[in-house]
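Enquirer: First, the structure itself, so that you have it in front of you.
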There are 2 protein chains.
Amino acid sequence: MSELFTVLPPGEAFAVLGRACSPIERSETVALEAAFGRVLAADVVARETLPAFARAMMDGYAVRAADTHGASEQSPAYLRVAGDVPTGVVPECAVGAREAVRIHTGAMLPPGADAVVMVEDTNLHPSTSPGQAEVEVLAAAACGENVLTVGEDVRSGAVAVPAGRRLRAADVGGLAALGITRVGVVARPRIAILSTGDEVVPASAVPGPAQVRDVNAGTVAAVVSQAGGVPVPRGIAPDDAAALERALREALADADAVVLSAGSSVSVRDLTADVVARLGAPGVLVHGLAIKPGKPTVLAVCDGTPVVGLPGNPASALVVAWRIVAPLVRLLGGERIEGDGFDARETSAVLDVPVQSRPGREDFVACALARDGEGVLHATPVFGSSSLIFTLVRADALIAVPLDRSGLAAGERVRVILP
Amino acid sequence: MSELFTVLPPGEAFAVLGRACSPIERSETVALEAAFGRVLAADVVARETLPAFARAMMDGYAVRAADTHGASEQSPAYLRVAGDVPTGVVPECAVGAREAVRIHTGAMLPPGADAVVMVEDTNLHPSTSPGQAEVEVLAAAACGENVLTVGEDVRSGAVAVPAGRRLRAADVGGLAALGITRVGVVARPRIAILSTGDEVVPASAVPGPAQVRDVNAGTVAAVVSQAGGVPVPRGIAPDDAAALERALREALADADAVVLSAGSSVSVRDLTADVVARLGAPGVLVHGLAIKPGKPTVLAVCDGTPVVGLPGNPASALVVAWRIVAPLVRLLGGERIEGDGFDARETSAVLDVPVQSRPGREDFVACALARDGEGVLHATPVFGSSSLIFTLVRADALIAVPLDRSGLAAGERVRVILP
């Protein structure tokens, strides 16, 4: 196995992995208050038309537009004020010819009216005798002006929010507007997380001499949660083929995907690939990513369940978790995945010093961000071994060097990932 | 009150609000597994030095660098293989002069060694008699090469992760590396959410004629959750000064901030500002934002508690929630806020058609995003009244028009907010 590397660029590797596995089929119903950030399991179809009634979009006067034809400051139209429509109630008055009804934003348009003149374009002339107030209209209104018409927001029968949408704040609002207070969402994918390494002990343990605490279990769990998955901790397996196979089979039995961080040495990485290859068909799909840090990554699908073997080095594992595990969790979670799946928070910054890379490889370089006196954001690389975790703790972001570049020049505006 | 508008640009308005209120002082202790995304209440100081022992960063041979001086493919150095160091155990052998010890990535460097030669730069000559194997070293190693030295990651006594940091995946990993499995975090700020409007009924209700369901309670709650707050639903108050004041006082008594979405009409907005002004000192700080949509916003601090009065229109309320409420929640939640606080996920895209704006105002224009054949992202405005919520449901993103621009030109690369 060890010699049969199939190194692919990360985007291509994710596409290969994605084609070989499917979104999970479990769904659940949640209250709308808990639906934000969940993935819609099926199209939600509007069962109402909104607005259900024509509404004023401005404070002013409901009128027949024809009655304001030609009105201007020089030549106002004069209309009798026939009443007042508060919000929330059905108008008791109608608008007849050469009449106007005082109306408030959001109120139902009274019968007869087809436009609203903004209060700013009117002068009210109160009258001493009741019902004889008159309004001077200083601007012509077009038919439909300042009116929300029936169905302008959404129509009954239309898809209000599509399946596969990770619900955003606006989507929650749209569902509320339709009175949909329970929502069918895709279950959160369960992602088993297994660390390996004879030298690795749990974060809660006191390491013996020559031992280190497990960093990757924590970082991978955070990435999994952020992508909408449920991290299922599976502990630490030793660098032993039989024990690793047993641990992986147990993890596979109870999860929608397994993410293991392999030991760091070449022999252990080969052992990982060999064991993963035995777990089910089609087995290992990608052995090696054209990414730095993170090259020694194994992507596999075993009897339908994806298995990601991350490098053991903490920074490498985390970069590959962002680049591959996060979109995988979103894909398993039913989300429509755009492009190559990479969907981190990002910004751009001016690079302060040159960064070397190699065409055909995506590089992620830890950096500090700072604004200069003019508010321009600058990125300065923070160097450190991918064996260290505090390089990333101290970094503000990662400079992304695209696949096709041999490096980035000082002064260049570069893409910066904010993990 | 109604005439005393103090319209400010959003960034300036947030600064005014931020200066008048303080982060909450409650903190709690959570397990490390639950700490991702929480804000650290106090500096975490490392109580250990990491790595605690010098470790190999590569598979290869631990050597004395001096013994490889001048080694090359043409003129290799020959060293006696004195043993093997697996990972996780204390080496049983030392490296003497002209000796090498086989070592694996992550293993403890044996006494006497000061460098590791990569296995790729060696040839092993096994011997028939035990202990007589010899390794041919094809490249000179510098002192410290391929070795992680003690303290290279973090030193005991140093601030490992600073107070006010919203914990990222890497931070969780750094804490795990140090064995810190319980973390003091700032409590999540409780944000009371109150809707107002005589025409507004809860999302769960069937609206009568002329009534509409409450959209803003749901959208604001989503924004509050995303910013790390706990939404505290306070229902719907009618457009009546006494009832509104009572509802606001009740909300203030049990929350770290109150967000109300005012009715949409001018008279109701004025009523809101008047009532808020009575709730405590200093009262209303900002009345009107230079933002579109969202101008009729009220920002106040009443006896130390911030009160945000959002516009009633769903799209306006949501834009101001993103622009002002989200950073306010993060500030109350103890996070260090950079710049003007706006911290949304964003990208850039090529604008397909011109967008009009006005200097001195930030505009947010709903848009669709699509990639062309060459993978370039294009933004096309999706027009729709700010009274509609489905304009934003159908949109992929918002085009941000900066404060100082009178519009954006077709073909221009523009900033796009991905809410």
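Note on naming: chains are A, B, ... as they come in the structure tokens, residues start from 1 per chain, ligands start from 1 in the order shown.
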Should the cut-off be 6 Å, what would the residue list for chain B against chain A look like, counting only C-alpha atoms, as a PDB file with N, CA and C atoms, in the first residue's frame?

Expert:
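Heads up, here's the output in part.pdb:
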ATOM      1  N   ASP B  59      11.119  10.624  10.870  1.00  0.00           N
ATOM      2  CA  ASP B  59      11.650   9.270  11.012  1.00  0.00           C
ATOM      3  C   ASP B  59      13.102   9.285  10.535  1.00  0.00           C
ATOM      4  N   THR B  87       8.200   5.405  19.760  1.00  0.00           N
ATOM      5  CA  THR B  87       7.512   6.549  20.356  1.00  0.00           C
ATOM      6  C   THR B  87       6.897   6.126  21.684  1.00  0.00           C
ATOM      7  N   GLY B  88       6.814   7.084  22.586  1.00  0.00           N
ATOM      8  CA  GLY B  88       6.080   6.876  23.833  1.00  0.00           C
ATOM      9  C   GLY B  88       6.878   6.271  24.965  1.00  0.00           C
ATOM     10  N   VAL B  89       8.117   5.913  24.718  1.00  0.00           N
ATOM     11  CA  VAL B  89       8.909   5.316  25.795  1.00  0.00           C
ATOM     12  C   VAL B  89      10.231   6.065  25.943  1.00  0.00           C
ATOM     13  N   VAL B  90      10.788   5.966  27.147  1.00  0.00           N
ATOM     14  CA  VAL B  90      12.070   6.614  27.414  1.00  0.00           C
ATOM     15  C   VAL B  90      13.165   5.772  26.754  1.00  0.00           C
ATOM     16  N   HIS B 104      11.698   7.338  15.623  1.00  0.00           N
ATOM     17  CA  HIS B 104      10.451   7.554  14.894  1.00  0.00           C
ATOM     18  C   HIS B 104       9.894   8.934  15.234  1.00  0.00           C
ATOM     19  N   THR B 105       9.157   9.494  14.308  1.00  0.00           N
ATOM     20  CA  THR B 105       8.584  10.828  14.516  1.00  0.00           C
ATOM     21  C   THR B 105       7.823  10.854  15.842  1.00  0.00           C
ATOM     22  N   MET B 108      11.090  10.415  21.853  1.00  0.00           N
ATOM     23  CA  MET B 108      12.015  11.213  22.661  1.00  0.00           C
ATOM     24  C   MET B 108      13.446  11.039  22.139  1.00  0.00           C
ATOM     25  N   ASP B 153       6.960  24.892  21.770  1.00  0.00           N
ATOM     26  CA  ASP B 153       5.530  25.130  21.562  1.00  0.00           C
ATOM     27  C   ASP B 153       5.035  26.203  22.534  1.00  0.00           C
ATOM     28  N   ALA B 169     -10.803  26.287  17.154  1.00  0.00           N
ATOM     29  CA  ALA B 169     -10.377  24.884  17.218  1.00  0.00           C
ATOM     30  C   ALA B 169      -8.930  24.787  17.705  1.00  0.00           C
ATOM     31  N   ALA B 170      -8.050  25.642  17.188  1.00  0.00           N
ATOM     32  CA  ALA B 170      -6.644  25.576  17.578  1.00  0.00           C
ATOM     33  C   ALA B 170      -6.477  25.866  19.073  1.00  0.00           C
ATOM     34  N   ASP B 171      -7.278  26.799  19.595  1.00  0.00           N
ATOM     35  CA  ASP B 171      -7.181  27.131  21.017  1.00  0.00           C
ATOM     36  C   ASP B 171      -7.582  25.936  21.875  1.00  0.00           C
ATOM     37  N   GLY B 173      -7.247  22.913  21.028  1.00  0.00           N
ATOM     38  CA  GLY B 173      -6.116  22.000  20.939  1.00  0.00           C
ATOM     39  C   GLY B 173      -4.968  22.404  21.855  1.00  0.00           C
ATOM     40  N   GLY B 174      -4.691  23.690  21.909  1.00  0.00           N
ATOM     41  CA  GLY B 174      -3.621  24.180  22.775  1.00  0.00           C
ATOM     42  C   GLY B 174      -3.925  23.903  24.244  1.00  0.00           C
ATOM     43  N   ALA B 176      -5.868  21.498  25.350  1.00  0.00           N
ATOM     44  CA  ALA B 176      -5.754  20.041  25.524  1.00  0.00           C
ATOM     45  C   ALA B 176      -4.284  19.649  25.707  1.00  0.00           C
ATOM     46  N   ALA B 177      -3.422  20.255  24.901  1.00  0.00           N
ATOM     47  CA  ALA B 177      -1.998  19.919  24.983  1.00  0.00           C
ATOM     48  C   ALA B 177      -1.455  20.192  26.381  1.00  0.00           C
ATOM     49  N   GLY B 179      -3.251  19.993  29.086  1.00  0.00           N
ATOM     50  CA  GLY B 179      -3.995  19.234  30.087  1.00  0.00           C
ATOM     51  C   GLY B 179      -5.072  20.046  30.782  1.00  0.00           C
ATOM     52  N   ASP B 198     -49.409  46.634  16.810  1.00  0.00           N
ATOM     53  CA  ASP B 198     -50.798  46.212  17.004  1.00  0.00           C
ATOM     54  C   ASP B 198     -51.204  45.139  16.000  1.00  0.00           C
ATOM     55  N   GLU B 199     -50.531  45.105  14.849  1.00  0.00           N
ATOM     56  CA  GLU B 199     -50.908  44.161  13.799  1.00  0.00           C
ATOM     57  C   GLU B 199     -50.158  42.836  13.889  1.00  0.00           C
ATOM     58  N   ALA B 203     -45.679  33.787  15.625  1.00  0.00           N
ATOM     59  CA  ALA B 203     -45.535  32.904  14.460  1.00  0.00           C
ATOM     60  C   ALA B 203     -46.467  31.707  14.557  1.00  0.00           C
ATOM     61  N   SER B 204     -46.789  31.295  15.777  1.00  0.00           N
ATOM     62  CA  SER B 204     -47.625  30.108  15.965  1.00  0.00           C
ATOM     63  C   SER B 204     -49.114  30.405  15.795  1.00  0.00           C
ATOM     64  N   ALA B 210     -55.918  41.609   8.392  1.00  0.00           N
ATOM     65  CA  ALA B 210     -55.110  42.799   8.679  1.00  0.00           C
ATOM     66  C   ALA B 210     -53.988  42.538   9.666  1.00  0.00           C
ATOM     67  N   GLN B 211     -53.815  41.267  10.097  1.00  0.00           N
ATOM     68  CA  GLN B 211     -52.703  40.954  11.001  1.00  0.00           C
ATOM     69  C   GLN B 211     -51.585  40.201  10.255  1.00  0.00           C
ATOM     70  N   ARG B 213     -47.792  37.750  11.015  1.00  0.00           N
ATOM     71  CA  ARG B 213     -47.019  37.031  12.024  1.00  0.00           C
ATOM     72  C   ARG B 213     -45.693  37.757  12.297  1.00  0.00           C
ATOM     73  N   VAL B 215     -42.060  38.165  12.443  1.00  0.00           N
ATOM     74  CA  VAL B 215     -40.879  37.647  11.742  1.00  0.00           C
ATOM     75  C   VAL B 215     -39.608  37.995  12.525  1.00  0.00           C
ATOM     76  N   GLY B 218     -37.896  35.827  15.361  1.00  0.00           N
ATOM     77  CA  GLY B 218     -37.117  34.675  14.903  1.00  0.00           C
ATOM     78  C   GLY B 218     -35.783  35.054  14.299  1.00  0.00           C
ATOM     79  N   THR B 219     -35.773  36.081  13.476  1.00  0.00           N
ATOM     80  CA  THR B 219     -34.503  36.453  12.826  1.00  0.00           C
ATOM     81  C   THR B 219     -33.523  37.022  13.854  1.00  0.00           C
ATOM     82  N   ALA B 222     -31.980  34.306  15.936  1.00  0.00           N
ATOM     83  CA  ALA B 222     -30.934  33.579  15.204  1.00  0.00           C
ATOM     84  C   ALA B 222     -29.621  34.359  15.236  1.00  0.00           C
ATOM     85  N   SER B 264     -43.575  49.792  12.394  1.00  0.00           N
ATOM     86  CA  SER B 264     -42.975  50.359  11.194  1.00  0.00           C
ATOM     87  C   SER B 264     -43.375  51.816  10.972  1.00  0.00           C
ATOM     88  N   SER B 265     -44.435  52.265  11.582  1.00  0.00           N
ATOM     89  CA  SER B 265     -44.873  53.621  11.239  1.00  0.00           C
ATOM     90  C   SER B 265     -44.102  54.652  12.046  1.00  0.00           C
ATOM     91  N   ARG B 345     -19.213  36.646   7.862  1.00  0.00           N
ATOM     92  CA  ARG B 345     -18.557  35.860   6.833  1.00  0.00           C
ATOM     93  C   ARG B 345     -18.711  36.629   5.527  1.00  0.00           C
ATOM     94  N   LEU B 388     -40.320  43.053   2.909  1.00  0.00           N
ATOM     95  CA  LEU B 388     -40.461  41.636   2.570  1.00  0.00           C
ATOM     96  C   LEU B 388     -39.344  40.843   3.218  1.00  0.00           C
ATOM     97  N   ILE B 389     -39.642  39.643   3.675  1.00  0.00           N
ATOM     98  CA  ILE B 389     -38.585  38.781   4.213  1.00  0.00           C
ATOM     99  C   ILE B 389     -38.068  37.843   3.138  1.00  0.00           C
ATOM    100  N   PHE B 390     -38.909  37.476   2.183  1.00  0.00           N
ATOM    101  CA  PHE B 390     -38.466  36.483   1.198  1.00  0.00           C
ATOM    102  C   PHE B 390     -37.449  37.037   0.196  1.00  0.00           C
ATOM    103  N   LEU B 392     -34.768  38.341   1.196  1.00  0.00           N
ATOM    104  CA  LEU B 392     -33.534  37.834   1.801  1.00  0.00           C
ATOM    105  C   LEU B 392     -33.481  36.307   1.806  1.00  0.00           C
ATOM    106  N   VAL B 393     -34.646  35.663   1.873  1.00  0.00           N
ATOM    107  CA  VAL B 393     -34.657  34.193   1.816  1.00  0.00           C
ATOM    108  C   VAL B 393     -34.139  33.739   0.456  1.00  0.00           C
TER     109      VAL B 393
END

Enquirer: Please list as a PyMOL selection string every residue within 8 Å of A:Ile324, counting only C-alpha atoms and excluding residues in the same chain fewer than 5 positions away.

Expert: chain A and resi 10+14+341-342

Enquirer: Give me the residues near A:Gly294 as a compact mmCIF listing (two decimals) with N, CA and C atoms, in the first residue's frame, where near means some atom within 6 Å (using only C-alpha atoms) and where sequence neighbours in that chain fewer than 2 positions away do not count.

Expert:
# COMPACT_ATOMS: atom_id res chain seq x y z
N ILE A 291 -1.27 19.39 -0.39
CA ILE A 291 -1.56 20.47 0.55
C ILE A 291 -0.41 20.54 1.54
N LYS A 292 -0.15 21.74 2.03
CA LYS A 292 0.89 21.89 3.04
C LYS A 292 0.41 22.85 4.11
N PRO A 296 0.24 13.87 4.29
CA PRO A 296 -0.02 12.44 4.53
C PRO A 296 -1.43 12.16 5.04
N SER A 316 -1.12 20.11 10.92
CA SER A 316 -1.49 19.42 9.69
C SER A 316 -2.91 18.85 9.82
N VAL A 320 -6.22 20.00 7.47
CA VAL A 320 -6.98 19.04 6.66
C VAL A 320 -8.41 18.89 7.21

Enquirer: Near B:Gly360, within 7 Å and counting only C-alpha atoms, which residues show up once chain neighbours fewer than 3 positions away are dropped, as a list in words?

Expert: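 With the cut-off at 7 Å, the set is Ala290, Leu403 and Asp404 of chain B.
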
Enquirer: Would you put the residues from that selection into a file with N, CA and C atoms, as a tab-separated table (two decimals), in the first residue's frame?

Expert:
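What ended up in out_20.tsv:
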chain	number	residue	atom	x	y	z
B	290	ALA	N	-27.02	55.74	9.53
B	290	ALA	CA	-26.76	56.00	8.11
B	290	ALA	C	-26.54	54.66	7.43
B	403	LEU	N	-19.43	53.22	3.07
B	403	LEU	CA	-19.93	54.52	3.51
B	403	LEU	C	-19.59	55.65	2.54
B	404	ASP	N	-18.39	55.60	1.94
B	404	ASP	CA	-17.90	56.76	1.20
B	404	ASP	C	-18.20	56.68	-0.30

Enquirer: Among stretch 113-208 of chain A, which ones does DSSP assign to strand (DSSP E) (computed from the backbone)? Answer as a PyMOL selection string.

Expert: chain A and resi 115-118+122-125+134-137+147-148+159-161+182-186+190-196+200-201

Enquirer: Measuring between only C-alpha atoms, which one of B:Val353, B:Ala141, B:Ala20, B:Ala255 shows the shortest distance to B:Arg234?

Expert: B:Ala255

Enquirer: Excluding B:Pro111 and any residue of its chain fewer than 4 positions from it, enumerate the residues within 9 Å of it, using only C-alpha atoms, and give them as a ChimeraX atom specification.

Expert: /B:91,93-96

Enquirer: Please dump the current selection as a PDB file, in the first residue's frame; keep C-alpha atoms.

Expert:
ATOM      1  CA  PRO B  91      15.070   5.643  25.277  1.00  0.00           C
ATOM      2  CA  CYS B  93      20.140   3.679  24.715  1.00  0.00           C
ATOM      3  CA  ALA B  94      22.267   6.785  24.364  1.00  0.00           C
ATOM      4  CA  VAL B  95      24.055   8.117  21.312  1.00  0.00           C
ATOM      5  CA  GLY B  96      27.799   8.048  21.719  1.00  0.00           C
TER       6      GLY B  96
END

Enquirer: Find the distance between atom CA of B:Ala366 and atom CA of A:Arg166 and write it in Å to one decimal.

Expert: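 About the pair atom CA of B:Ala366 and atom CA of A:Arg166: they are 17.9 Å apart.
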
Enquirer: Extract, using only C-alpha atoms, all DNA, RNA and protein residues at most 10 Å from A:Thr6, discarding same-chain residues fewer than 6 positions from it, and format them as a list in words.

Expert: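 Listing them by chain and then by number gives Ala13, Val284, Leu285, Val286, His287, Gly288, Leu289, Ala290 and Val298 of chain A.
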
Enquirer: Deliver the residues from the most recent selection as a file, using N, CA and C atoms, as an mmCIF file, in the first residue's frame.

Expert:
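Below is the file part-v8.cif, written as the result:
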data_model
loop_
_atom_site.group_PDB
_atom_site.id
_atom_site.type_symbol
_atom_site.label_atom_id
_atom_site.label_comp_id
_atom_site.auth_asym_id
_atom_site.auth_seq_id
_atom_site.Cartn_x
_atom_site.Cartn_y
_atom_site.Cartn_z
ATOM 1 N N ALA A 13 -9.620 15.864 -4.473
ATOM 2 C CA ALA A 13 -9.718 14.768 -3.509
ATOM 3 C C ALA A 13 -11.081 14.777 -2.837
ATOM 4 N N VAL A 284 -9.431 2.649 0.167
ATOM 5 C CA VAL A 284 -8.674 3.911 0.058
ATOM 6 C C VAL A 284 -8.838 4.520 -1.337
ATOM 7 N N LEU A 285 -9.279 5.778 -1.383
ATOM 8 C CA LEU A 285 -9.484 6.488 -2.652
ATOM 9 C C LEU A 285 -8.366 7.488 -2.924
ATOM 10 N N VAL A 286 -7.881 8.073 -1.863
ATOM 11 C CA VAL A 286 -6.844 9.097 -1.994
ATOM 12 C C VAL A 286 -5.800 8.815 -0.922
ATOM 13 N N HIS A 287 -4.545 8.782 -1.311
ATOM 14 C CA HIS A 287 -3.477 8.580 -0.340
ATOM 15 C C HIS A 287 -2.454 9.685 -0.588
ATOM 16 N N GLY A 288 -2.640 10.777 0.129
ATOM 17 C CA GLY A 288 -1.771 11.936 -0.062
ATOM 18 C C GLY A 288 -2.541 13.093 -0.669
ATOM 19 N N LEU A 289 -2.470 14.246 -0.018
ATOM 20 C CA LEU A 289 -3.102 15.468 -0.532
ATOM 21 C C LEU A 289 -2.015 16.440 -0.957
ATOM 22 N N ALA A 290 -2.271 17.150 -2.052
ATOM 23 C CA ALA A 290 -1.346 18.198 -2.481
ATOM 24 C C ALA A 290 -1.643 19.450 -1.665
ATOM 25 N N VAL A 298 -5.177 10.221 4.299
ATOM 26 C CA VAL A 298 -5.811 9.094 3.609
ATOM 27 C C VAL A 298 -7.313 9.347 3.556
#
